[in-house]
file protein.pdb (PDB, C-alpha atoms and all ligand atoms)
ATOM      1  CA  MET A1114      15.810 -32.971 -29.795
ATOM      2  CA  LYS A1115      14.464 -30.009 -27.858
ATOM      3  CA  ILE A1116      13.836 -26.788 -29.756
ATOM      4  CA  LEU A1117      14.214 -23.746 -27.504
ATOM      5  CA  LEU A1118      12.760 -20.547 -28.893
ATOM      6  CA  ASN A1119      13.635 -18.110 -26.106
ATOM      7  CA  SER A1120      16.086 -17.520 -23.276
ATOM      8  CA  THR A1121      13.564 -18.381 -20.524
ATOM      9  CA  LYS A1122      13.043 -21.866 -21.998
ATOM     10  CA  LEU A1123      16.774 -22.179 -22.514
ATOM     11  CA  LYS A1124      17.598 -21.401 -18.884
ATOM     12  CA  LYS A1125      14.983 -23.839 -17.635
ATOM     13  CA  GLU A1126      16.199 -26.699 -19.823
ATOM     14  CA  LEU A1127      19.913 -26.158 -19.232
ATOM     15  CA  LYS A1128      19.696 -25.681 -15.453
ATOM     16  CA  LYS A1129      21.035 -29.102 -14.572
ATOM     17  CA  ILE A1130      23.095 -29.785 -17.675
ATOM     18  CA  GLU A1131      26.860 -30.037 -17.350
ATOM     19  CA  GLY A1132      29.578 -30.671 -19.930
ATOM     20  CA  LEU A1133      27.683 -28.890 -22.673
ATOM     21  CA  GLY A1134      29.160 -28.451 -26.153
ATOM     22  CA  HIS A1135      27.905 -25.451 -28.149
ATOM     23  CA  VAL A1136      28.038 -24.952 -31.911
ATOM     24  CA  PRO A1137      27.053 -21.372 -32.804
ATOM     25  CA  THR A1138      25.710 -20.977 -36.348
ATOM     26  CA  MET A1139      23.693 -18.624 -38.497
ATOM     27  CA  GLY A1140      21.777 -21.553 -39.987
ATOM     28  CA  SER A1141      21.652 -22.959 -43.532
ATOM     29  CA  ILE A1142      23.415 -25.938 -42.051
ATOM     30  CA  HIS A1143      25.940 -27.668 -44.314
ATOM     31  CA  LYS A1144      28.597 -30.379 -43.948
ATOM     32  CA  GLY A1145      31.042 -27.832 -42.469
ATOM     33  CA  HIS A1146      28.639 -27.126 -39.606
ATOM     34  CA  GLU A1147      27.912 -30.854 -39.356
ATOM     35  CA  PHE A1148      31.587 -31.577 -38.763
ATOM     36  CA  LEU A1149      31.629 -29.190 -35.776
ATOM     37  CA  ILE A1150      28.419 -30.723 -34.443
ATOM     38  CA  LEU A1151      29.731 -34.300 -34.775
ATOM     39  CA  ARG A1152      32.857 -33.323 -32.808
ATOM     40  CA  SER A1153      30.754 -31.834 -30.049
ATOM     41  CA  LEU A1154      28.484 -34.900 -29.958
ATOM     42  CA  LYS A1155      31.578 -37.095 -29.652
ATOM     43  CA  GLU A1156      33.408 -35.024 -27.043
ATOM     44  CA  CYS A1157      30.623 -33.555 -24.884
ATOM     45  CA  LYS A1158      27.856 -35.014 -22.754
ATOM     46  CA  LYS A1159      25.223 -32.859 -24.446
ATOM     47  CA  THR A1160      25.259 -30.655 -27.534
ATOM     48  CA  ILE A1161      23.414 -27.440 -28.267
ATOM     49  CA  VAL A1162      23.364 -25.786 -31.699
ATOM     50  CA  SER A1163      22.301 -22.153 -31.855
ATOM     51  CA  ILE A1164      20.822 -20.667 -35.010
ATOM     52  CA  PHE A1165      20.862 -16.887 -34.960
ATOM     53  CA  VAL A1166      21.479 -14.552 -37.866
ATOM     54  CA  ASN A1167      23.077 -11.788 -35.846
ATOM     55  CA  PRO A1168      22.213  -8.370 -37.314
ATOM     56  CA  THR A1169      24.993  -6.500 -35.505
ATOM     57  CA  GLN A1170      27.754  -8.376 -37.321
ATOM     58  CA  PHE A1171      26.535  -7.384 -40.792
ATOM     59  CA  ASN A1172      28.189  -4.227 -42.014
ATOM     60  CA  ASN A1173      25.801  -4.247 -44.989
ATOM     61  CA  LYS A1174      21.998  -4.227 -44.556
ATOM     62  CA  ASP A1175      21.279  -5.964 -47.867
ATOM     63  CA  ASP A1176      23.702  -8.750 -46.966
ATOM     64  CA  PHE A1177      21.764  -9.289 -43.714
ATOM     65  CA  LYS A1178      18.387  -9.253 -45.465
ATOM     66  CA  SER A1179      19.489 -11.692 -48.158
ATOM     67  CA  TYR A1180      21.295 -14.097 -45.813
ATOM     68  CA  PRO A1181      20.058 -17.644 -46.647
ATOM     69  CA  ASN A1182      17.408 -19.044 -44.317
ATOM     70  CA  ASN A1183      16.369 -22.725 -44.326
ATOM     71  CA  ILE A1184      15.079 -23.415 -40.853
ATOM     72  CA  LYS A1185      12.946 -26.479 -41.726
ATOM     73  CA  LYS A1186      15.789 -28.153 -43.584
ATOM     74  CA  ASP A1187      18.189 -27.234 -40.763
ATOM     75  CA  LEU A1188      15.967 -28.829 -38.119
ATOM     76  CA  ASN A1189      15.705 -32.044 -40.146
ATOM     77  CA  ILE A1190      19.493 -32.284 -40.387
ATOM     78  CA  LEU A1191      19.960 -31.548 -36.664
ATOM     79  CA  ARG A1192      17.320 -34.122 -35.729
ATOM     80  CA  LYS A1193      19.083 -36.779 -37.811
ATOM     81  CA  LEU A1194      22.400 -35.937 -36.145
ATOM     82  CA  LYS A1195      20.738 -36.419 -32.740
ATOM     83  CA  VAL A1196      21.596 -32.983 -31.407
ATOM     84  CA  ASP A1197      20.200 -32.541 -27.874
ATOM     85  CA  PHE A1198      19.107 -28.883 -28.057
ATOM     86  CA  VAL A1199      18.580 -26.248 -30.731
ATOM     87  CA  PHE A1200      18.379 -22.635 -29.615
ATOM     88  CA  ILE A1201      16.613 -20.274 -32.049
ATOM     89  CA  PRO A1202      16.248 -16.934 -30.269
ATOM     90  CA  LYS A1203      14.658 -13.720 -31.519
ATOM     91  CA  ILE A1204      16.724 -10.550 -31.898
ATOM     92  CA  ASN A1205      14.968  -8.853 -28.941
ATOM     93  CA  ASP A1206      15.710 -11.808 -26.707
ATOM     94  CA  ILE A1207      19.443 -11.682 -27.389
ATOM     95  CA  TYR A1208      19.684  -7.882 -27.223
ATOM     96  CA  LYS A1209      17.443  -7.446 -24.171
ATOM     97  CA  PHE A1210      20.190  -5.744 -22.200
ATOM     98  CA  LYS A1211      22.333  -2.821 -23.244
ATOM     99  CA  ARG A1212      26.010  -3.413 -22.569
ATOM    100  CA  LYS A1213      27.780  -1.107 -20.163
ATOM    101  CA  ARG A1214      31.010  -0.859 -22.134
ATOM    102  CA  LYS A1215      31.171  -0.972 -25.927
ATOM    103  CA  ILE A1216      33.346  -3.725 -27.392
ATOM    104  CA  LYS A1217      36.355  -2.279 -29.202
ATOM    105  CA  LEU A1218      39.033  -4.152 -31.121
ATOM    106  CA  LYS A1219      42.683  -3.428 -30.380
ATOM    107  CA  LYS A1220      44.461  -1.516 -33.146
ATOM    108  CA  LYS A1221      46.703  -4.479 -33.915
ATOM    109  CA  ASP A1222      43.615  -6.639 -34.537
ATOM    110  CA  ILE A1223      42.173  -4.330 -37.183
ATOM    111  CA  ILE A1224      43.591  -6.406 -40.037
ATOM    112  CA  LEU A1225      42.169  -8.794 -42.664
ATOM    113  CA  CYS A1226      38.331  -8.881 -42.373
ATOM    114  CA  ALA A1227      38.344  -6.433 -39.438
ATOM    115  CA  LYS A1228      39.885  -3.816 -41.712
ATOM    116  CA  PHE A1229      37.335  -4.289 -44.492
ATOM    117  CA  ARG A1230      34.165  -5.067 -42.509
ATOM    118  CA  LYS A1231      33.860  -2.217 -40.022
ATOM    119  CA  GLY A1232      32.059  -3.293 -36.849
ATOM    120  CA  HIS A1233      31.788  -6.929 -37.950
ATOM    121  CA  PHE A1234      33.889  -8.539 -35.223
ATOM    122  CA  GLU A1235      32.564  -6.168 -32.559
ATOM    123  CA  GLY A1236      29.139  -7.628 -33.458
ATOM    124  CA  VAL A1237      30.471 -11.193 -33.391
ATOM    125  CA  LEU A1238      32.114 -10.719 -29.980
ATOM    126  CA  ASP A1239      29.000  -9.041 -28.582
ATOM    127  CA  VAL A1240      26.705 -11.886 -29.643
ATOM    128  CA  MET A1241      29.159 -14.575 -28.515
ATOM    129  CA  ASP A1242      29.413 -12.895 -25.118
ATOM    130  CA  ARG A1243      25.609 -12.887 -24.812
ATOM    131  CA  LEU A1244      25.240 -16.501 -26.015
ATOM    132  CA  VAL A1245      27.948 -17.842 -23.701
ATOM    133  CA  ASN A1246      26.416 -15.940 -20.810
ATOM    134  CA  MET A1247      23.057 -17.617 -21.456
ATOM    135  CA  ILE A1248      24.276 -21.106 -22.394
ATOM    136  CA  ASN A1249      27.415 -21.445 -20.266
ATOM    137  CA  PRO A1250      28.967 -24.207 -22.408
ATOM    138  CA  LYS A1251      32.067 -26.162 -21.454
ATOM    139  CA  LYS A1252      33.275 -26.088 -25.041
ATOM    140  CA  ILE A1253      32.497 -24.052 -28.140
ATOM    141  CA  TYR A1254      33.278 -25.472 -31.576
ATOM    142  CA  MET A1255      34.315 -23.078 -34.351
ATOM    143  CA  GLY A1256      35.602 -23.487 -37.893
ATOM    144  CA  GLN A1257      39.112 -22.733 -39.058
ATOM    145  CA  LYS A1258      37.632 -21.347 -42.297
ATOM    146  CA  ASP A1259      36.799 -18.211 -40.321
ATOM    147  CA  TYR A1260      40.200 -18.242 -38.629
ATOM    148  CA  GLN A1261      40.222 -14.594 -37.561
ATOM    149  CA  GLN A1262      36.787 -15.039 -36.006
ATOM    150  CA  TYR A1263      37.988 -18.110 -34.074
ATOM    151  CA  TYR A1264      41.149 -16.238 -32.996
ATOM    152  CA  LEU A1265      39.315 -13.149 -31.699
ATOM    153  CA  VAL A1266      36.456 -15.076 -30.058
ATOM    154  CA  LYS A1267      38.870 -17.408 -28.269
ATOM    155  CA  LYS A1268      40.942 -14.480 -26.927
ATOM    156  CA  PHE A1269      37.809 -12.606 -25.828
ATOM    157  CA  LEU A1270      36.067 -15.552 -24.141
ATOM    158  CA  GLU A1271      39.172 -16.830 -22.353
ATOM    159  CA  LYS A1272      39.454 -13.542 -20.448
ATOM    160  CA  LYS A1273      35.906 -13.754 -19.147
ATOM    161  CA  TYR A1274      34.711 -17.374 -19.007
ATOM    162  CA  SER A1275      36.071 -20.858 -18.383
ATOM    163  CA  THR A1276      34.624 -21.976 -21.732
ATOM    164  CA  GLN A1277      37.132 -23.597 -24.096
ATOM    165  CA  THR A1278      37.064 -22.574 -27.768
ATOM    166  CA  ILE A1279      37.910 -25.475 -30.067
ATOM    167  CA  LYS A1280      39.112 -25.024 -33.636
ATOM    168  CA  CYS A1281      37.878 -27.488 -36.287
ATOM    169  CA  LYS A1282      39.304 -28.112 -39.746
ATOM    170  CA  THR A1283      37.727 -26.595 -42.875
ATOM    171  CA  ILE A1284      35.403 -28.900 -44.783
ATOM    172  CA  ARG A1285      35.589 -28.517 -48.575
ATOM    173  CA  ASN A1286      33.657 -29.893 -51.537
ATOM    174  CA  ASN A1287      35.449 -32.311 -53.866
ATOM    175  CA  GLN A1288      36.620 -29.318 -55.908
ATOM    176  CA  SER A1289      38.516 -27.758 -52.956
ATOM    177  CA  VAL A1290      35.948 -25.009 -52.300
ATOM    178  CA  ALA A1291      35.319 -24.417 -48.579
ATOM    179  CA  LEU A1292      31.659 -25.033 -47.787
ATOM    180  CA  SER A1293      29.805 -21.865 -46.900
ATOM    181  CA  SER A1294      26.149 -20.871 -46.571
ATOM    182  CA  ARG A1295      26.922 -18.131 -49.095
ATOM    183  CA  ASN A1296      27.958 -20.637 -51.810
ATOM    184  CA  ILE A1297      24.314 -21.120 -52.843
ATOM    185  CA  LYS A1298      24.393 -17.542 -54.128
ATOM    186  CA  LEU A1299      27.093 -18.492 -56.669
ATOM    187  CA  THR A1300      26.454 -19.453 -60.288
ATOM    188  CA  THR A1301      27.938 -22.750 -61.527
ATOM    189  CA  ASP A1302      30.535 -20.741 -63.416
ATOM    190  CA  SER A1303      31.569 -18.789 -60.303
ATOM    191  CA  LEU A1304      31.747 -21.922 -58.214
ATOM    192  CA  PHE A1305      34.051 -23.403 -60.849
ATOM    193  CA  LYS A1306      36.199 -20.245 -60.905
ATOM    194  CA  THR A1307      36.419 -20.306 -57.107
ATOM    195  CA  SER A1308      37.569 -23.894 -57.242
ATOM    196  CA  MET A1309      40.300 -23.014 -59.784
ATOM    197  CA  LEU A1310      41.389 -20.056 -57.683
ATOM    198  CA  ILE A1311      41.693 -22.129 -54.502
ATOM    199  CA  LYS A1312      43.644 -24.822 -56.375
ATOM    200  CA  ASP A1313      45.943 -22.080 -57.754
ATOM    201  CA  LEU A1314      46.521 -20.752 -54.236
ATOM    202  CA  LYS A1315      47.308 -24.233 -52.923
ATOM    203  CA  LYS A1316      49.959 -24.602 -55.637
ATOM    204  CA  LEU A1317      51.232 -21.090 -54.981
ATOM    205  CA  LYS A1318      51.694 -21.863 -51.294
ATOM    206  CA  LYS A1319      53.958 -24.775 -52.165
ATOM    207  CA  THR A1320      56.191 -22.534 -54.264
ATOM    208  CA  LEU A1321      56.614 -19.843 -51.592
ATOM    209  CA  SER A1322      60.161 -19.669 -50.369
ATOM    210  CA  GLN A1323      61.862 -17.937 -47.487
ATOM    211  CA  SER A1324      64.230 -16.147 -49.838
ATOM    212  CA  ILE A1325      61.548 -13.735 -51.070
ATOM    213  CA  ASN A1326      59.400 -11.178 -49.287
ATOM    214  CA  ILE A1327      56.263 -13.354 -49.309
ATOM    215  CA  ASN A1328      53.760 -10.576 -48.681
ATOM    216  CA  ARG A1329      55.230  -8.331 -51.363
ATOM    217  CA  TYR A1330      55.072 -11.295 -53.766
ATOM    218  CA  LEU A1331      51.419 -11.982 -52.849
ATOM    219  CA  LYS A1332      50.506  -8.360 -53.519
ATOM    220  CA  LYS A1333      51.776  -8.747 -57.066
ATOM    221  CA  LYS A1334      50.058 -12.125 -57.426
ATOM    222  CA  SER A1335      46.798 -10.601 -56.228
ATOM    223  CA  GLU A1336      46.768  -8.188 -59.213
ATOM    224  CA  GLU A1337      47.427 -11.112 -61.545
ATOM    225  CA  LEU A1338      44.640 -13.247 -60.071
ATOM    226  CA  MET A1339      42.145 -10.375 -60.261
ATOM    227  CA  GLN A1340      42.916 -10.007 -63.961
ATOM    228  CA  ASN A1341      42.818 -13.742 -64.689
ATOM    229  CA  TYR A1342      39.620 -14.498 -62.784
ATOM    230  CA  GLY A1343      37.778 -11.192 -63.125
ATOM    231  CA  ILE A1344      37.298 -11.011 -59.374
ATOM    232  CA  LYS A1345      37.950  -8.362 -56.746
ATOM    233  CA  ILE A1346      40.438  -9.449 -54.099
ATOM    234  CA  GLU A1347      40.190  -7.521 -50.817
ATOM    235  CA  TYR A1348      43.280  -9.063 -49.300
ATOM    236  CA  LEU A1349      45.763 -11.810 -50.063
ATOM    237  CA  GLU A1350      48.227 -12.043 -47.204
ATOM    238  CA  PHE A1351      50.550 -14.478 -45.505
ATOM    239  CA  ARG A1352      50.132 -14.473 -41.739
ATOM    240  CA  ASN A1353      51.258 -16.343 -38.658
ATOM    241  CA  LEU A1354      48.527 -18.435 -36.984
ATOM    242  CA  LYS A1355      49.757 -17.642 -33.477
ATOM    243  CA  ASP A1356      49.277 -13.883 -33.475
ATOM    244  CA  LEU A1357      48.055 -13.179 -37.029
ATOM    245  CA  LYS A1358      51.081 -10.965 -37.686
ATOM    246  CA  LYS A1359      52.386 -10.837 -41.274
ATOM    247  CA  SER A1360      54.799 -13.687 -41.788
ATOM    248  CA  ASP A1361      57.872 -14.236 -43.903
ATOM    249  CA  THR A1362      58.393 -17.852 -42.986
ATOM    250  CA  LYS A1363      56.301 -20.873 -43.916
ATOM    251  CA  LYS A1364      56.319 -22.190 -40.371
ATOM    252  CA  ASN A1365      52.855 -22.059 -38.746
ATOM    253  CA  SER A1366      51.629 -19.586 -41.382
ATOM    254  CA  LYS A1367      48.862 -19.486 -43.965
ATOM    255  CA  ILE A1368      47.632 -17.546 -46.959
ATOM    256  CA  PHE A1369      44.496 -15.564 -46.055
ATOM    257  CA  ILE A1370      42.162 -14.392 -48.805
ATOM    258  CA  ALA A1371      38.904 -12.430 -49.093
ATOM    259  CA  PHE A1372      37.385 -11.833 -52.506
ATOM    260  CA  TYR A1373      34.196 -10.898 -54.301
ATOM    261  CA  ILE A1374      32.806 -13.128 -57.042
ATOM    262  CA  ASP A1375      29.250 -12.632 -58.416
ATOM    263  CA  GLU A1376      29.041  -9.872 -55.745
ATOM    264  CA  VAL A1377      29.332 -12.600 -53.108
ATOM    265  CA  ARG A1378      32.108 -12.125 -50.574
ATOM    266  CA  LEU A1379      34.043 -15.306 -49.792
ATOM    267  CA  ILE A1380      36.959 -15.908 -47.440
ATOM    268  CA  ASP A1381      39.383 -18.771 -47.033
ATOM    269  CA  ASN A1382      42.810 -19.627 -45.668
ATOM    270  CA  LEU A1383      45.270 -22.189 -46.979
TER     271      LEU A1383
HETATM  272  P1  LIG B1401      28.218 -19.578 -39.846
HETATM  273  O1  LIG B1401      26.893 -20.253 -39.796
HETATM  274  O2  LIG B1401      28.688 -19.301 -41.231
HETATM  275  O3  LIG B1401      28.313 -18.401 -38.923
HETATM  276  O4  LIG B1401      29.272 -20.629 -39.289
HETATM  277  C1  LIG B1401      29.111 -21.242 -38.044
HETATM  278  C2  LIG B1401      30.383 -21.981 -37.711
HETATM  279  O5  LIG B1401      30.643 -22.970 -38.705
HETATM  280  C3  LIG B1401      31.619 -21.060 -37.663
HETATM  281  O6  LIG B1401      32.431 -21.433 -36.570
HETATM  282  C4  LIG B1401      32.287 -21.356 -38.979
HETATM  283  O7  LIG B1401      33.684 -21.141 -38.958
HETATM  284  C5  LIG B1401      31.974 -22.834 -39.159
HETATM  285  N1  LIG B1401      32.084 -23.211 -40.566
HETATM  286  C6  LIG B1401      31.526 -22.575 -41.622
HETATM  287  N2  LIG B1401      31.891 -23.176 -42.778
HETATM  288  C7  LIG B1401      32.721 -24.189 -42.440
HETATM  289  C8  LIG B1401      33.448 -25.179 -43.182
HETATM  290  N3  LIG B1401      33.400 -25.233 -44.501
HETATM  291  N4  LIG B1401      34.192 -26.077 -42.495
HETATM  292  C9  LIG B1401      34.250 -26.041 -41.142
HETATM  293  N5  LIG B1401      33.589 -25.134 -40.387
HETATM  294  C10 LIG B1401      32.840 -24.223 -41.016
END
call {"tool": "encode", "arguments": {"input": "protein.pdb", "output": "structure tokens"}}
result
Amino acid sequence: MKILLNSTKLKKELKKIEGLGHVPTMGSIHKGHEFLILRSLKECKKTIVSIFVNPTQFNNKDDFKSYPNNIKKDLNILRKLKVDFVFIPKINDIYKFKRKRKIKLKKKDIILCAKFRKGHFEGVLDVMDRLVNMINPKKIYMGQKDYQQYYLVKKFLEKKYSTQTIKCKTIRNNQSVALSSRNIKLTTDSLFKTSMLIKDLKKLKKTLSQSININRYLKKKSEELMQNYGIKIEYLEFRNLKDLKKSDTKKNSKIFIAFYIDEVRLIDNL
């Protein structure tokens, strides 16, 4: 496994590489990331994992500063998986050039996390643009857990590059909680509550019927869940996977949730 610490090394190493699969991460590698990596290893000639905690996508400075960092552990996992390259750039290396035109989301895309985390996806799209420009992968593997991120990145990249963005299923622990680097910030009690909440939402999804206004119903449910679990729900909405518009039919639609527990913000979709 080659560890590339800057863009000059990266360019040199990747010069003759074709059919590259890229898994972008912010580190603290867990089984969710591993699933993406294993898919890339299976489907691509070579695989590169990038580890970069991107400051521009954090709308909260403290959240950026306290983001988990486990580089030694990460490298051990990646070595065991037999990843070909790991790219660990510095902030100055990624943001060497100023962009000519600022990235702006369309009004219709300012929903879900984009509504609550101002500037977050602009930061994600900016860094993905820079990474794809440097790495030029054939395929990028992203998790369905961050569905809105996958949706916006795919739309953005398809306009500019020939890179394919591949969606991978959400990996959960045996208590239904989606794996996330942020889970280590949770107490045992909060992890348990999260698990109960997700199980409740799974059951709730089964009971949804076309005869009611699903989103109005979820708004009411959201109040109930906040009371029962002592959490703060930012959004609980039913949306279509194709265009992320609010949905009133179960076909191709999911429940999207963002909530705070122990002051940790978690998201999921079911
Ligand atoms: P992150 O390091 O949190 O930025 O995540 C890097 C990639 O891993 C993103 O495409 C995420 O959607 C994906 N990912 C994070 N958690 C999971 C999970 N539990 N299952 C599958 N993919 C995940």
call {"tool": "resolve_selection", "arguments": {"input": "protein.pdb", "expression": "the PyMOL selection byres (((chain A and resi 1256) around 6) and not hetatm)", "output": "number ranges by chain"}}
result
A: 1255, 1257-1259, 1280-1281
call {"tool": "residues_around", "arguments": {"input": "protein.pdb", "residues": "Thr1278 (chain A)", "least_positions_apart": "6", "cutoff": "7 Å", "atoms": "only C-alpha atoms", "output": "list in words"}}
result
Lys1252, Ile1253, Tyr1254 and Lys1267 of chain A
call {"tool": "atom_distance", "arguments": {"input": "protein.pdb", "atom1": "atom C7 of ligand LIG 1401 (chain B)", "atom2": "CA of Ser1293 (chain A)"}}
result
5.8 Å
call {"tool": "residues_near_ligand", "arguments": {"input": "protein.pdb", "ligand": "ligand LIG 1401 (chain B)", "cutoff": "9 Å", "atoms": "all atoms listed in the file", "output": "count of residues only"}}
result
41
call {"tool": "closest_residue", "arguments": {"input": "protein.pdb", "among": "A:Val1196, A:Leu1265, A:Leu1304, A:Val1240", "to": "Lys1219 (chain A)", "atoms": "all atoms listed in the file"}}
result
A:Leu1265
call {"tool": "residues_around", "arguments": {"input": "protein.pdb", "residues": "region 1213-1218 of chain A", "least_positions_apart": "3", "cutoff": "12 Å", "atoms": "only C-alpha atoms", "output": "JSON, numbers by chain"}}
result
{"A": [1169, 1210, 1221, 1222, 1223, 1224, 1227, 1228, 1231, 1232, 1233, 1234, 1235, 1236, 1237, 1238, 1239, 1240, 1241, 1242, 1265, 1266, 1268, 1269]}
call {"tool": "resolve_selection", "arguments": {"input": "protein.pdb", "expression": "the PyMOL selection byres (((chain A and resi 1205) around 12) and not hetatm)", "output": "PyMOL selection string"}}
result
chain A and resi 1118-1120+1165+1167-1168+1201-1204+1206-1211
call {"tool": "build_atoms", "arguments": {"input": "protein.pdb", "residues": "region 1328-1344 of chain A", "atoms": "N, CA, C and O atoms", "output": "tab-separated table (two decimals), in the frame of the given file"}}
result
chain	number	residue	atom	x	y	z
A	1328	ASN	N	54.92	-11.46	-48.58
A	1328	ASN	CA	53.76	-10.58	-48.68
A	1328	ASN	C	53.84	-9.62	-49.87
A	1328	ASN	O	52.82	-9.32	-50.49
A	1329	ARG	N	55.08	-9.19	-50.19
A	1329	ARG	CA	55.23	-8.33	-51.36
A	1329	ARG	C	54.89	-9.14	-52.63
A	1329	ARG	O	54.20	-8.68	-53.52
A	1330	TYR	N	55.33	-10.39	-52.65
A	1330	TYR	CA	55.07	-11.30	-53.77
A	1330	TYR	C	53.56	-11.53	-53.92
A	1330	TYR	O	53.01	-11.50	-55.02
A	1331	LEU	N	52.87	-11.73	-52.79
A	1331	LEU	CA	51.42	-11.98	-52.85
A	1331	LEU	C	50.65	-10.76	-53.35
A	1331	LEU	O	49.62	-10.89	-53.99
A	1332	LYS	N	51.15	-9.59	-53.04
A	1332	LYS	CA	50.51	-8.36	-53.52
A	1332	LYS	C	50.52	-8.32	-55.05
A	1332	LYS	O	49.52	-8.01	-55.69
A	1333	LYS	N	51.66	-8.71	-55.61
A	1333	LYS	CA	51.78	-8.75	-57.07
A	1333	LYS	C	50.86	-9.83	-57.64
A	1333	LYS	O	50.16	-9.63	-58.62
A	1334	LYS	N	50.88	-10.98	-56.99
A	1334	LYS	CA	50.06	-12.12	-57.43
A	1334	LYS	C	48.58	-11.77	-57.41
A	1334	LYS	O	47.79	-12.20	-58.25
A	1335	SER	N	48.19	-10.99	-56.40
A	1335	SER	CA	46.80	-10.60	-56.23
A	1335	SER	C	46.30	-9.85	-57.47
A	1335	SER	O	45.20	-10.11	-57.98
A	1336	GLU	N	47.12	-8.94	-57.99
A	1336	GLU	CA	46.77	-8.19	-59.21
A	1336	GLU	C	46.56	-9.16	-60.37
A	1336	GLU	O	45.60	-9.06	-61.12
A	1337	GLU	N	47.47	-10.12	-60.46
A	1337	GLU	CA	47.43	-11.11	-61.54
A	1337	GLU	C	46.15	-11.95	-61.47
A	1337	GLU	O	45.46	-12.14	-62.47
A	1338	LEU	N	45.82	-12.39	-60.26
A	1338	LEU	CA	44.64	-13.25	-60.07
A	1338	LEU	C	43.35	-12.47	-60.37
A	1338	LEU	O	42.40	-13.01	-60.93
A	1339	MET	N	43.34	-11.19	-60.00
A	1339	MET	CA	42.14	-10.38	-60.26
A	1339	MET	C	41.90	-10.27	-61.77
A	1339	MET	O	40.77	-10.36	-62.23
A	1340	GLN	N	43.00	-10.09	-62.49
A	1340	GLN	CA	42.92	-10.01	-63.96
A	1340	GLN	C	42.44	-11.34	-64.54
A	1340	GLN	O	41.48	-11.39	-65.29
A	1341	ASN	N	43.11	-12.42	-64.11
A	1341	ASN	CA	42.82	-13.74	-64.69
A	1341	ASN	C	41.40	-14.22	-64.39
A	1341	ASN	O	40.77	-14.84	-65.24
A	1342	TYR	N	40.92	-13.95	-63.20
A	1342	TYR	CA	39.62	-14.50	-62.78
A	1342	TYR	C	38.48	-13.49	-62.86
A	1342	TYR	O	37.32	-13.85	-62.64
A	1343	GLY	N	38.81	-12.23	-63.11
A	1343	GLY	CA	37.78	-11.19	-63.12
A	1343	GLY	C	37.08	-11.05	-61.78
A	1343	GLY	O	35.86	-10.90	-61.72
A	1344	ILE	N	37.87	-11.13	-60.72
A	1344	ILE	CA	37.30	-11.01	-59.37
A	1344	ILE	C	37.94	-9.82	-58.67
A	1344	ILE	O	38.94	-9.28	-59.14
